[in-house]
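Engineer: Input structure: upload-v2.cif, which contains mmCIF, C-alpha atoms and all ligand atoms.
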data_target
loop_
_atom_site.label_atom_id
_atom_site.label_comp_id
_atom_site.auth_asym_id
_atom_site.auth_seq_id
_atom_site.Cartn_x
_atom_site.Cartn_y
_atom_site.Cartn_z
CA MET A 1 69.74 -147.77 74.00
CA TYR A 2 69.45 -146.03 70.68
CA CYS A 3 72.21 -145.65 68.12
CA VAL A 4 72.30 -143.40 65.11
CA PHE A 5 74.99 -144.29 62.62
CA LEU A 6 76.52 -141.19 61.14
CA PRO A 7 79.26 -142.07 58.63
CA ILE A 8 82.59 -140.46 59.40
CA ASP A 9 84.30 -138.85 56.45
CA GLY A 10 87.97 -139.28 57.29
CA GLY A 11 88.98 -137.32 54.17
CA ALA A 12 92.61 -136.65 53.34
CA SER A 13 94.79 -137.63 56.29
CA ALA A 14 96.12 -134.13 56.98
CA SER A 15 92.81 -132.31 56.67
CA TRP A 16 90.82 -133.45 59.69
CA ARG A 17 92.63 -130.79 61.76
CA ASP A 18 91.63 -128.06 59.31
CA ARG A 19 87.97 -128.96 59.67
CA LEU A 20 87.88 -128.49 63.44
CA GLU A 21 86.00 -125.56 64.93
CA GLY A 22 87.85 -126.06 68.19
CA SER A 23 91.59 -125.88 68.74
CA CYS A 24 94.34 -128.30 67.80
CA GLU A 25 97.82 -127.79 69.18
CA GLU A 26 100.76 -129.86 67.98
CA GLY A 27 103.22 -131.07 70.62
CA ALA A 28 101.39 -129.41 73.54
CA SER A 29 102.80 -130.24 76.96
CA LEU A 30 100.29 -132.30 78.92
CA ALA A 31 101.79 -131.08 82.20
CA ARG A 32 99.61 -127.98 81.70
CA HIS A 33 96.52 -130.15 81.41
CA THR A 34 96.75 -132.56 84.34
CA SER A 35 96.24 -132.01 88.07
CA TYR A 36 99.62 -133.68 88.79
CA HIS A 37 101.21 -131.02 86.55
CA VAL A 38 103.40 -133.64 84.88
CA GLY A 39 103.40 -135.35 81.50
CA GLY A 40 105.19 -134.91 78.20
CA PRO A 41 103.76 -133.73 74.88
CA ALA A 42 100.75 -134.96 72.95
CA LYS A 43 101.19 -135.37 69.23
CA TYR A 44 98.00 -133.31 68.97
CA LEU A 45 95.95 -131.77 71.75
CA VAL A 46 92.42 -131.09 70.56
CA VAL A 47 89.81 -129.12 72.49
CA PRO A 48 86.56 -129.70 70.59
CA ALA A 49 84.01 -126.95 70.13
CA THR A 50 81.22 -129.20 68.86
CA VAL A 51 80.12 -132.82 68.67
CA ALA A 52 81.11 -132.65 64.98
CA ASP A 53 84.69 -131.97 66.12
CA VAL A 54 84.55 -135.06 68.29
CA ARG A 55 83.50 -137.10 65.29
CA GLU A 56 86.29 -135.63 63.17
CA VAL A 57 88.87 -136.71 65.72
CA LEU A 58 87.42 -140.20 66.13
CA GLY A 59 87.48 -140.60 62.35
CA ALA A 60 91.06 -139.39 61.96
CA GLY A 61 92.64 -142.81 62.38
CA GLU A 62 94.99 -141.57 65.12
CA GLU A 63 95.38 -143.28 68.46
CA THR A 64 93.21 -141.20 70.79
CA PHE A 65 93.05 -140.65 74.53
CA VAL A 66 89.94 -138.88 75.79
CA MET A 67 90.71 -136.58 78.68
CA GLY A 68 88.41 -134.64 80.97
CA ALA A 69 90.14 -132.37 83.45
CA GLY A 70 93.10 -134.77 83.74
CA SER A 71 92.53 -135.15 87.48
CA ASN A 72 92.65 -138.95 87.65
CA VAL A 73 95.56 -139.62 85.31
CA LEU A 74 99.34 -139.86 85.45
CA VAL A 75 100.77 -139.06 82.02
CA ALA A 76 104.29 -140.34 81.24
CA ASP A 77 107.20 -137.95 80.70
CA ALA A 78 107.33 -139.31 77.14
CA GLY A 79 103.82 -137.93 76.61
CA PHE A 80 101.24 -139.53 74.35
CA ASP A 81 101.96 -140.32 70.70
CA GLY A 82 98.47 -139.64 69.42
CA VAL A 83 95.55 -137.29 69.88
CA VAL A 84 94.53 -136.18 73.33
CA LEU A 85 90.93 -135.04 73.02
CA LYS A 86 90.35 -132.77 75.98
CA VAL A 87 86.68 -132.41 76.84
CA CYS A 88 86.97 -129.92 79.67
CA ASN A 89 85.23 -126.56 79.75
CA ALA A 90 84.19 -127.48 76.20
CA LEU A 91 80.83 -129.19 75.60
CA ALA A 92 79.98 -127.76 79.02
CA GLN A 93 76.36 -126.68 78.59
CA LEU A 94 73.92 -126.99 81.50
CA SER A 95 70.15 -127.12 81.65
CA ILE A 96 68.12 -127.57 84.81
CA LEU A 97 64.41 -128.18 84.55
CA GLU A 98 62.82 -128.91 87.91
CA ARG A 99 64.68 -132.02 89.11
CA GLU A 100 66.12 -132.99 85.71
CA VAL A 101 69.66 -131.81 85.10
CA VAL A 102 71.39 -132.20 81.73
CA ALA A 103 75.07 -131.32 81.79
CA GLY A 104 77.68 -131.27 79.04
CA ALA A 105 80.38 -133.88 79.70
CA GLY A 106 83.01 -131.15 79.83
CA ARG A 107 81.36 -129.26 82.66
CA ARG A 108 83.42 -129.22 85.83
CA LEU A 109 81.84 -130.98 88.80
CA PRO A 110 82.44 -128.07 91.25
CA SER A 111 80.49 -125.75 88.95
CA LEU A 112 77.67 -128.29 88.59
CA VAL A 113 77.53 -128.84 92.35
CA GLN A 114 77.29 -125.09 92.91
CA SER A 115 74.50 -124.65 90.35
CA CYS A 116 72.54 -127.53 91.90
CA ALA A 117 72.97 -126.06 95.39
CA GLU A 118 71.69 -122.68 94.18
CA MET A 119 68.64 -124.40 92.67
CA GLY A 120 68.02 -126.39 95.86
CA LEU A 121 68.67 -129.74 94.20
CA SER A 122 70.09 -132.36 96.50
CA GLY A 123 72.14 -135.44 95.58
CA LEU A 124 75.53 -134.11 94.51
CA GLU A 125 76.73 -132.40 97.69
CA TRP A 126 79.37 -135.12 98.19
CA ALA A 127 81.03 -134.18 94.88
CA VAL A 128 82.18 -130.75 96.00
CA GLY A 129 85.95 -130.59 95.76
CA ILE A 130 86.28 -133.30 93.10
CA PRO A 131 88.01 -131.30 90.37
CA GLY A 132 87.03 -133.51 87.41
CA THR A 133 84.46 -133.11 84.66
CA VAL A 134 81.03 -134.71 84.51
CA GLY A 135 82.26 -137.06 81.73
CA GLY A 136 85.31 -138.12 83.72
CA ALA A 137 83.15 -138.66 86.79
CA VAL A 138 80.83 -140.93 84.81
CA CYS A 139 83.76 -142.99 83.47
CA THR A 140 85.34 -143.42 86.91
CA ASN A 141 82.04 -143.54 88.80
CA ALA A 142 83.45 -140.83 91.01
CA GLY A 143 82.28 -140.91 94.57
CA ALA A 144 82.88 -139.78 98.12
CA PHE A 145 81.28 -139.98 101.56
CA GLY A 146 79.39 -143.16 100.64
CA SER A 147 77.78 -141.83 97.44
CA SER A 148 78.74 -142.11 93.77
CA LEU A 149 77.67 -140.53 90.52
CA TRP A 150 75.82 -143.38 88.85
CA GLU A 151 73.29 -143.32 91.70
CA CYS A 152 71.73 -140.28 90.05
CA VAL A 153 72.53 -140.85 86.35
CA GLU A 154 69.44 -140.99 84.10
CA PHE A 155 71.26 -141.29 80.77
CA VAL A 156 74.64 -140.78 79.14
CA GLU A 157 75.07 -139.62 75.58
CA GLY A 158 78.16 -139.73 73.41
CA VAL A 159 79.89 -140.80 70.22
CA SER A 160 81.44 -144.26 69.85
CA ALA A 161 84.73 -145.00 68.08
CA GLY A 162 82.74 -145.99 65.02
CA GLY A 163 80.96 -142.64 64.85
CA GLU A 164 77.65 -143.83 66.31
CA VAL A 165 75.82 -141.37 68.49
CA PHE A 166 74.55 -143.35 71.47
CA ARG A 167 72.32 -142.74 74.43
CA LEU A 168 72.33 -145.28 77.25
CA THR A 169 70.46 -145.72 80.50
CA PRO A 170 72.09 -147.06 83.69
CA ALA A 171 70.45 -150.45 83.04
CA GLU A 172 72.56 -150.75 79.88
CA ALA A 173 75.86 -149.90 81.61
CA THR A 174 78.03 -151.79 84.09
CA TYR A 175 79.34 -149.82 87.01
CA GLY A 176 80.60 -150.23 90.53
CA TYR A 177 83.20 -148.86 92.92
CA ARG A 178 85.31 -146.43 90.84
CA HIS A 179 84.60 -148.01 87.48
CA ALA A 180 82.04 -147.95 84.72
CA SER A 181 81.90 -149.56 81.32
CA LEU A 182 79.56 -148.95 78.42
CA PRO A 183 78.60 -151.38 75.64
CA VAL A 184 79.99 -149.20 72.84
CA ALA A 185 83.18 -149.28 70.74
CA GLU A 186 86.18 -147.57 72.38
CA PRO A 187 87.45 -144.96 72.49
CA PHE A 188 84.07 -143.36 72.98
CA VAL A 189 83.49 -139.75 73.93
CA LEU A 190 80.74 -138.80 76.34
CA THR A 191 79.13 -135.54 75.34
CA GLU A 192 76.14 -135.14 77.66
CA VAL A 193 74.84 -136.64 80.90
CA GLY A 194 71.34 -136.55 82.39
CA LEU A 195 70.99 -136.62 86.17
CA ARG A 196 67.95 -136.88 88.41
CA LEU A 197 68.25 -135.04 91.71
CA THR A 198 65.94 -134.41 94.63
CA PRO A 199 64.29 -131.03 95.22
CA SER A 200 65.25 -129.66 98.61
CA ASP A 201 65.83 -126.44 100.50
CA PRO A 202 68.72 -124.42 98.93
CA GLU A 203 69.98 -123.45 102.39
CA ARG A 204 70.09 -127.09 103.51
CA VAL A 205 71.86 -128.18 100.29
CA GLY A 206 74.35 -125.32 100.73
CA GLU A 207 75.09 -126.35 104.33
CA LEU A 208 75.64 -129.98 103.41
CA THR A 209 77.92 -128.97 100.52
CA ALA A 210 79.94 -126.70 102.82
CA ALA A 211 80.24 -129.48 105.42
CA HIS A 212 81.61 -131.89 102.80
CA ARG A 213 84.06 -129.25 101.58
CA ALA A 214 85.29 -128.61 105.13
CA ARG A 215 85.70 -132.34 105.83
CA ARG A 216 87.75 -132.72 102.65
CA GLU A 217 89.99 -129.79 103.53
CA GLU A 218 90.60 -131.21 107.00
CA THR A 219 91.65 -134.63 105.75
CA GLN A 220 93.17 -134.17 102.26
CA PRO A 221 95.94 -132.06 100.70
CA THR A 222 93.39 -130.25 98.55
CA ALA A 223 95.67 -127.42 97.41
CA ALA A 224 98.57 -129.66 96.32
CA PHE A 225 99.30 -131.10 92.86
CA THR A 226 97.72 -134.58 93.13
CA ALA A 227 95.27 -136.83 91.33
CA GLY A 228 93.27 -137.64 94.46
CA SER A 229 93.51 -141.16 95.85
CA VAL A 230 96.17 -143.18 94.07
CA PHE A 231 94.83 -146.62 95.01
CA LYS A 232 91.33 -148.06 95.35
CA ASN A 233 90.27 -149.20 98.78
CA PRO A 234 90.38 -153.01 99.05
CA PRO A 235 86.91 -154.64 99.10
CA GLU A 236 87.30 -155.42 102.79
CA GLY A 237 89.56 -154.54 105.68
CA PRO A 238 91.49 -151.32 106.22
CA SER A 239 91.39 -148.58 103.59
CA ALA A 240 94.30 -148.05 101.19
CA GLY A 241 95.28 -144.95 103.18
CA GLU A 242 95.38 -146.91 106.45
CA LEU A 243 97.47 -149.68 104.87
CA ILE A 244 99.98 -147.16 103.51
CA ASP A 245 100.08 -145.23 106.79
CA THR A 246 100.61 -148.32 108.96
CA ALA A 247 103.36 -149.48 106.60
CA GLY A 248 105.17 -146.32 107.71
CA LEU A 249 105.15 -144.72 104.28
CA LYS A 250 103.88 -141.19 104.99
CA GLY A 251 106.59 -138.76 103.89
CA ARG A 252 108.33 -141.36 101.67
CA ARG A 253 109.71 -139.54 98.62
CA ARG A 254 111.26 -139.91 95.18
CA GLY A 255 112.61 -136.54 94.10
CA GLU A 256 109.71 -134.12 94.56
CA ALA A 257 107.08 -136.85 94.65
CA VAL A 258 106.01 -137.44 98.26
CA VAL A 259 103.45 -139.58 100.09
CA SER A 260 101.23 -136.97 101.77
CA GLU A 261 101.52 -136.59 105.54
CA LYS A 262 97.87 -135.49 105.59
CA HIS A 263 96.39 -138.46 103.70
CA ALA A 264 98.61 -141.45 102.92
CA ASN A 265 96.66 -142.42 99.78
CA PHE A 266 97.57 -139.10 98.14
CA ILE A 267 100.95 -138.71 96.44
CA VAL A 268 101.90 -135.08 96.00
CA ASN A 269 104.01 -133.45 93.32
CA GLN A 270 105.78 -130.75 95.31
CA GLY A 271 106.39 -128.83 92.10
CA GLY A 272 109.39 -130.36 90.38
CA ALA A 273 108.47 -134.05 90.22
CA ARG A 274 108.67 -135.94 86.95
CA ALA A 275 106.02 -138.50 86.05
CA ARG A 276 108.79 -141.08 86.52
CA ASP A 277 109.26 -140.03 90.18
CA LEU A 278 105.53 -140.36 90.85
CA TYR A 279 105.40 -143.70 89.06
CA ASP A 280 108.42 -145.11 90.92
CA LEU A 281 106.98 -143.99 94.25
CA ILE A 282 103.64 -145.62 93.43
CA VAL A 283 105.41 -148.91 92.62
CA GLU A 284 107.45 -148.69 95.83
CA VAL A 285 104.37 -148.00 97.97
CA ARG A 286 102.51 -150.89 96.40
CA GLU A 287 105.43 -153.28 97.00
CA GLU A 288 105.91 -152.22 100.61
CA VAL A 289 102.20 -152.55 101.39
CA ARG A 290 102.21 -156.02 99.86
CA ALA A 291 105.29 -157.03 101.88
CA ARG A 292 103.94 -155.58 105.13
CA HIS A 293 100.23 -156.43 104.88
CA GLY A 294 99.94 -159.08 102.14
CA VAL A 295 97.48 -156.85 100.22
CA THR A 296 98.02 -155.90 96.57
CA LEU A 297 96.60 -152.43 96.05
CA GLU A 298 94.87 -151.69 92.76
CA LEU A 299 95.43 -148.35 91.05
CA GLU A 300 92.57 -145.87 91.10
CA ILE A 301 94.43 -143.41 88.88
CA GLU A 302 95.04 -144.25 85.23
CA LEU A 303 98.49 -144.42 83.63
CA VAL A 304 98.67 -142.81 80.20
CA GLY A 305 101.63 -143.25 77.82
CA ASP A 306 104.74 -145.37 78.02
CA PHE A 307 106.44 -145.50 81.42
CA GLU A 308 109.17 -147.83 80.15
CA ALA A 309 110.40 -145.21 77.67
CA THR A 310 111.97 -142.93 80.28
C1 LIG B 401 92.20 -133.06 94.92
C2 LIG B 401 91.48 -134.22 94.27
C3 LIG B 401 90.45 -134.85 94.95
C4 LIG B 401 89.77 -135.94 94.37
N1 LIG B 401 88.77 -136.54 95.05
C5 LIG B 401 88.09 -137.56 94.48
C6 LIG B 401 87.00 -138.18 95.19
O1 LIG B 401 86.66 -137.82 96.29
N2 LIG B 401 86.35 -139.19 94.55
C7 LIG B 401 86.69 -139.61 93.30
O2 LIG B 401 86.04 -140.52 92.77
N3 LIG B 401 87.71 -139.04 92.62
C8 LIG B 401 88.41 -138.03 93.17
N4 LIG B 401 89.45 -137.44 92.49
C9 LIG B 401 89.87 -137.98 91.17
C10 LIG B 401 89.19 -137.31 89.96
O3 LIG B 401 88.92 -135.95 90.18
C11 LIG B 401 87.93 -138.05 89.56
O4 LIG B 401 88.22 -139.40 89.21
C12 LIG B 401 87.23 -137.39 88.35
O5 LIG B 401 85.99 -137.95 88.17
C13 LIG B 401 88.05 -137.51 87.07
O6 LIG B 401 87.48 -136.61 86.13
P1 LIG B 401 88.36 -135.98 84.97
O7 LIG B 401 87.46 -135.17 84.13
O8 LIG B 401 89.54 -135.28 85.54
O9 LIG B 401 88.80 -137.28 84.19
P2 LIG B 401 90.23 -137.63 83.61
O10 LIG B 401 91.18 -137.83 84.74
O11 LIG B 401 90.61 -136.66 82.56
O12 LIG B 401 89.90 -139.03 82.93
C14 LIG B 401 89.48 -140.13 83.72
C15 LIG B 401 88.93 -141.22 82.81
O13 LIG B 401 87.72 -140.78 82.22
C16 LIG B 401 87.81 -140.81 80.79
N5 LIG B 401 87.07 -139.64 80.29
C17 LIG B 401 87.10 -138.38 80.80
N6 LIG B 401 86.22 -137.60 80.14
C18 LIG B 401 85.64 -138.38 79.19
C19 LIG B 401 84.63 -138.15 78.20
N7 LIG B 401 84.03 -136.95 78.03
N8 LIG B 401 84.29 -139.18 77.41
C20 LIG B 401 84.87 -140.40 77.54
N9 LIG B 401 85.82 -140.67 78.45
C21 LIG B 401 86.18 -139.68 79.28
C22 LIG B 401 89.30 -140.77 80.49
O14 LIG B 401 89.59 -141.37 79.23
C23 LIG B 401 89.86 -141.57 81.64
O15 LIG B 401 89.73 -142.94 81.37
C24 LIG B 401 90.15 -136.37 93.07
C25 LIG B 401 91.20 -135.73 92.37
C26 LIG B 401 91.85 -134.66 92.98
C27 LIG B 401 92.96 -133.98 92.22
#
For the file at hand, write its structure as structure tokens.

Structural biologist:
Amino acid sequence: MYCVFLPIDGGASASWRDRLEGSCEEGASLARHTSYHVGGPAKYLVVPATVADVREVLGAGEETFVMGAGSNVLVADAGFDGVVLKVCNALAQLSILEREVVAGAGRRLPSLVQSCAEMGLSGLEWAVGIPGTVGGAVCTNAGAFGSSLWECVEFVEGVSAGGEVFRLTPAEATYGYRHASLPVAEPFVLTEVGLRLTPSDPERVGELTAAHRARREETQPTAAFTAGSVFKNPPEGPSAGELIDTAGLKGRRRGEAVVSEKHANFIVNQGGARARDLYDLIVEVREEVRARHGVTLELEIELVGDFEAT
């Protein structure tokens, strides 16, 4: 690991927003920024243009939530009383040199998967159809079809809460099934990720990617407003989806929040659900699975904001 300490100049409390090159919106609805299409306002929604912007926000003294594409979060109807720093389609640079890929943390996975397929680089085919960013995928150790992102990570780079620019290798991180943690002060912001892939035949990579996409479309409600799987699979025994299905919960609803008929571990916002409806349905599903199967499911999605306030 290396760390470079760059002092953060917080400055006058109101002025950090004026120094941003990117955008800062006050009171922006987070429903427009999450794949569930729910969530109340953020005090400030910042889309950084540069790493310097990231450092401005981290030095502002505001409570901060770092968001990628918002595809693994459920944001409360009350919103988030702080800064939401949205690193999606910003800091999204990409360089591919032979088998070494360096992607900005805000680059969307589908775009990265496509670029790798075109270059004949194998190793990320499984990620097609995961709508998150590279940074979000690192933080959640996103995975599918028996593979996960950290298997090909070479390094991650970012800025810690204290303003230190860090670069870490996998040996310095802790990661496993749908989680990763880094030995740096939180909240940290990932800015760049290095990946090592395997040179292959572009046609073969394209075919494998298409097969994964087709499998996903067959088994998941890919076009609906969801955040993917709600619960993690238990370490052993039936999957979360099987437990929910055999508890008879497919089609269970709260308002316009519904347990998907296609994949029981997906809860769909049919358009008019509130975060509260989704949350209440998640609690109900968890309780019924516990009562029926004696298994307590752990959330895979992350709750953001105060769910007691509404
Ligand atoms: C249709 C659908 C299918 C899905 N399929 C899968 C699947 O097969 N496998 C799977 O693993 N997931 C899946 N997901 C869930 C989700 O897409 C992944 O977890 C994804 O990796 C989240 O990325 P994100 O950018 O949306 O992160 P967000 O949801 O915005 O954030 C997730 C976490 O990462 C942190 N974070 C995000 N970006 C940064 C950054 N730059 N720096 C620091 N912290 C950051 C956030 O603080 C938060 O803790 C699916 C979701 C949908 C909607």

Engineer: Which is closest to A:Ser71 among A:Asp280, A:Glu186, A:Glu308, A:Glu300, if we use all atoms listed in the file?

Structural biologist: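 Distance minimum relative to A:Ser71 lands on A:Glu300.
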
Engineer: Between A:Ala117, A:Val84, A:Ala49, A:Leu109, which has the minimum distance to A:Val66 (counting all atoms listed in the file)?

Structural biologist: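 When distances to A:Val66 are compared using all atoms listed in the file, the smallest one comes from A:Val84.
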
Engineer: I want to know what sits within 10 Å of stretch 149-151 of chain A, based on all atoms listed in the file, with residues of the same chain fewer than 2 positions away left out; could you give that as a list of chain:residue names?

Structural biologist: A:Gly123, A:Leu124, A:Trp126, A:Ala127, A:Val134, A:Ala137, A:Val138, A:Cys139, A:Thr140, A:Asn141, A:Ala142, A:Gly143, A:Ala144, A:Ser147, A:Val153, A:Glu154, A:Phe155, A:Pro170, A:Ala173, A:Thr174, A:Tyr175, A:Gly176, A:Arg178, A:Ala180, A:Leu195, A:Arg196, A:Leu197

Engineer: Between A:Leu249, A:Val285, A:Cys152, A:Ala223, single out the one closest to ligand LIG 401 (chain B), counting all atoms listed in the file.

Structural biologist: A:Ala223

Engineer: Got a sec to check which residues lie within 6 Å of ligand LIG 401 (chain B), using all atoms listed in the file, and send them as a PDB file with C-alpha atoms, in the coordinates of the input?

Structural biologist:
ATOM      1  CA  SER A  35      96.240-132.010  88.070  1.00  0.00           C
ATOM      2  CA  PHE A  65      93.050-140.650  74.530  1.00  0.00           C
ATOM      3  CA  VAL A  66      89.940-138.880  75.790  1.00  0.00           C
ATOM      4  CA  MET A  67      90.710-136.580  78.680  1.00  0.00           C
ATOM      5  CA  GLY A  68      88.410-134.640  80.970  1.00  0.00           C
ATOM      6  CA  ALA A  69      90.140-132.370  83.450  1.00  0.00           C
ATOM      7  CA  GLY A  70      93.100-134.770  83.740  1.00  0.00           C
ATOM      8  CA  SER A  71      92.530-135.150  87.480  1.00  0.00           C
ATOM      9  CA  ASN A  72      92.650-138.950  87.650  1.00  0.00           C
ATOM     10  CA  VAL A  73      95.560-139.620  85.310  1.00  0.00           C
ATOM     11  CA  VAL A  87      86.680-132.410  76.840  1.00  0.00           C
ATOM     12  CA  ALA A 105      80.380-133.880  79.700  1.00  0.00           C
ATOM     13  CA  ILE A 130      86.280-133.300  93.100  1.00  0.00           C
ATOM     14  CA  PRO A 131      88.010-131.300  90.370  1.00  0.00           C
ATOM     15  CA  GLY A 132      87.030-133.510  87.410  1.00  0.00           C
ATOM     16  CA  THR A 133      84.460-133.110  84.660  1.00  0.00           C
ATOM     17  CA  GLY A 135      82.260-137.060  81.730  1.00  0.00           C
ATOM     18  CA  GLY A 136      85.310-138.120  83.720  1.00  0.00           C
ATOM     19  CA  ALA A 137      83.150-138.660  86.790  1.00  0.00           C
ATOM     20  CA  CYS A 139      83.760-142.990  83.470  1.00  0.00           C
ATOM     21  CA  THR A 140      85.340-143.420  86.910  1.00  0.00           C
ATOM     22  CA  ALA A 142      83.450-140.830  91.010  1.00  0.00           C
ATOM     23  CA  GLY A 143      82.280-140.910  94.570  1.00  0.00           C
ATOM     24  CA  ALA A 144      82.880-139.780  98.120  1.00  0.00           C
ATOM     25  CA  PHE A 188      84.070-143.360  72.980  1.00  0.00           C
ATOM     26  CA  VAL A 189      83.490-139.750  73.930  1.00  0.00           C
ATOM     27  CA  LEU A 190      80.740-138.800  76.340  1.00  0.00           C
ATOM     28  CA  THR A 191      79.130-135.540  75.340  1.00  0.00           C
ATOM     29  CA  THR A 222      93.390-130.250  98.550  1.00  0.00           C
ATOM     30  CA  THR A 226      97.720-134.580  93.130  1.00  0.00           C
ATOM     31  CA  ALA A 227      95.270-136.830  91.330  1.00  0.00           C
ATOM     32  CA  GLY A 228      93.270-137.640  94.460  1.00  0.00           C
TER      33      GLY A 228
END

Engineer: Interatomic distance between atom CA of A:Arg216 and atom CA of A:Pro199?

Structural biologist: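 A separation of 24.7 Å between them.
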
Engineer: Which of these, A:Pro187, A:Arg215, A:Leu168, A:Arg107, has the shortest distance to A:Glu62 once you count all atoms listed in the file?

Structural biologist: A:Pro187

Engineer: Could you pull the residues within 12 Å of stretch 56-61 of chain A, counting only C-alpha atoms, minus those fewer than 5 positions along the same chain, as an MDAnalysis selection string?

Structural biologist: chainID A and resid 6:24 44:51 66 82:86 158:165 185:189

Engineer: Suppose we keep C-alpha atoms; can you now write the selection as a PDB file, in the frame of the given file?

Structural biologist:
ATOM      1  CA  LEU A   6      76.520-141.190  61.140  1.00  0.00           C
ATOM      2  CA  PRO A   7      79.260-142.070  58.630  1.00  0.00           C
ATOM      3  CA  ILE A   8      82.590-140.460  59.400  1.00  0.00           C
ATOM      4  CA  ASP A   9      84.300-138.850  56.450  1.00  0.00           C
ATOM      5  CA  GLY A  10      87.970-139.280  57.290  1.00  0.00           C
ATOM      6  CA  GLY A  11      88.980-137.320  54.170  1.00  0.00           C
ATOM      7  CA  ALA A  12      92.610-136.650  53.340  1.00  0.00           C
ATOM      8  CA  SER A  13      94.790-137.630  56.290  1.00  0.00           C
ATOM      9  CA  ALA A  14      96.120-134.130  56.980  1.00  0.00           C
ATOM     10  CA  SER A  15      92.810-132.310  56.670  1.00  0.00           C
ATOM     11  CA  TRP A  16      90.820-133.450  59.690  1.00  0.00           C
ATOM     12  CA  ARG A  17      92.630-130.790  61.760  1.00  0.00           C
ATOM     13  CA  ASP A  18      91.630-128.060  59.310  1.00  0.00           C
ATOM     14  CA  ARG A  19      87.970-128.960  59.670  1.00  0.00           C
ATOM     15  CA  LEU A  20      87.880-128.490  63.440  1.00  0.00           C
ATOM     16  CA  GLU A  21      86.000-125.560  64.930  1.00  0.00           C
ATOM     17  CA  GLY A  22      87.850-126.060  68.190  1.00  0.00           C
ATOM     18  CA  SER A  23      91.590-125.880  68.740  1.00  0.00           C
ATOM     19  CA  CYS A  24      94.340-128.300  67.800  1.00  0.00           C
ATOM     20  CA  TYR A  44      98.000-133.310  68.970  1.00  0.00           C
ATOM     21  CA  LEU A  45      95.950-131.770  71.750  1.00  0.00           C
ATOM     22  CA  VAL A  46      92.420-131.090  70.560  1.00  0.00           C
ATOM     23  CA  VAL A  47      89.810-129.120  72.490  1.00  0.00           C
ATOM     24  CA  PRO A  48      86.560-129.700  70.590  1.00  0.00           C
ATOM     25  CA  ALA A  49      84.010-126.950  70.130  1.00  0.00           C
ATOM     26  CA  THR A  50      81.220-129.200  68.860  1.00  0.00           C
ATOM     27  CA  VAL A  51      80.120-132.820  68.670  1.00  0.00           C
ATOM     28  CA  VAL A  66      89.940-138.880  75.790  1.00  0.00           C
ATOM     29  CA  GLY A  82      98.470-139.640  69.420  1.00  0.00           C
ATOM     30  CA  VAL A  83      95.550-137.290  69.880  1.00  0.00           C
ATOM     31  CA  VAL A  84      94.530-136.180  73.330  1.00  0.00           C
ATOM     32  CA  LEU A  85      90.930-135.040  73.020  1.00  0.00           C
ATOM     33  CA  LYS A  86      90.350-132.770  75.980  1.00  0.00           C
ATOM     34  CA  GLY A 158      78.160-139.730  73.410  1.00  0.00           C
ATOM     35  CA  VAL A 159      79.890-140.800  70.220  1.00  0.00           C
ATOM     36  CA  SER A 160      81.440-144.260  69.850  1.00  0.00           C
ATOM     37  CA  ALA A 161      84.730-145.000  68.080  1.00  0.00           C
ATOM     38  CA  GLY A 162      82.740-145.990  65.020  1.00  0.00           C
ATOM     39  CA  GLY A 163      80.960-142.640  64.850  1.00  0.00           C
ATOM     40  CA  GLU A 164      77.650-143.830  66.310  1.00  0.00           C
ATOM     41  CA  VAL A 165      75.820-141.370  68.490  1.00  0.00           C
ATOM     42  CA  ALA A 185      83.180-149.280  70.740  1.00  0.00           C
ATOM     43  CA  GLU A 186      86.180-147.570  72.380  1.00  0.00           C
ATOM     44  CA  PRO A 187      87.450-144.960  72.490  1.00  0.00           C
ATOM     45  CA  PHE A 188      84.070-143.360  72.980  1.00  0.00           C
ATOM     46  CA  VAL A 189      83.490-139.750  73.930  1.00  0.00           C
TER      47      VAL A 189
END

Engineer: Expressed in Å to a single decimal, how great is the separation between atom CA of A:Val258 and atom CA of A:Gly40?

Structural biologist: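 Separation between atom CA of A:Val258 and atom CA of A:Gly40: 20.2 Å.
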
Engineer: Might you pull out every residue within 7 Å of A:Phe225, with only C-alpha atoms counted and same-chain residues fewer than 6 positions away left off, and present them as a PDB file with C-alpha atoms, in the coordinates of the input?

Structural biologist:
ATOM      1  CA  SER A  35      96.240-132.010  88.070  1.00  0.00           C
ATOM      2  CA  TYR A  36      99.620-133.680  88.790  1.00  0.00           C
ATOM      3  CA  HIS A  37     101.210-131.020  86.550  1.00  0.00           C
ATOM      4  CA  VAL A 268     101.900-135.080  96.000  1.00  0.00           C
ATOM      5  CA  ASN A 269     104.010-133.450  93.320  1.00  0.00           C
ATOM      6  CA  GLN A 270     105.780-130.750  95.310  1.00  0.00           C
TER       7      GLN A 270
END

Engineer: Rebuild N, CA and C atoms on stretch 202-206 of chain A, as an mmCIF file, keeping the file's coordinate frame?

Structural biologist:
data_model
loop_
_atom_site.group_PDB
_atom_site.id
_atom_site.type_symbol
_atom_site.label_atom_id
_atom_site.label_comp_id
_atom_site.auth_asym_id
_atom_site.auth_seq_id
_atom_site.Cartn_x
_atom_site.Cartn_y
_atom_site.Cartn_z
ATOM 1 N N PRO A 202 67.386 -124.876 99.344
ATOM 2 C CA PRO A 202 68.720 -124.420 98.930
ATOM 3 C C PRO A 202 69.662 -124.201 100.109
ATOM 4 N N GLU A 203 69.107 -123.697 101.231
ATOM 5 C CA GLU A 203 69.980 -123.450 102.390
ATOM 6 C C GLU A 203 70.542 -124.769 102.925
ATOM 7 N N ARG A 204 69.683 -125.767 102.999
ATOM 8 C CA ARG A 204 70.090 -127.090 103.510
ATOM 9 C C ARG A 204 71.139 -127.717 102.574
ATOM 10 N N VAL A 205 70.897 -127.611 101.259
ATOM 11 C CA VAL A 205 71.860 -128.180 100.290
ATOM 12 C C VAL A 205 73.198 -127.451 100.413
ATOM 13 N N GLY A 206 73.123 -126.120 100.585
ATOM 14 C CA GLY A 206 74.350 -125.320 100.730
ATOM 15 C C GLY A 206 75.129 -125.723 101.979
#
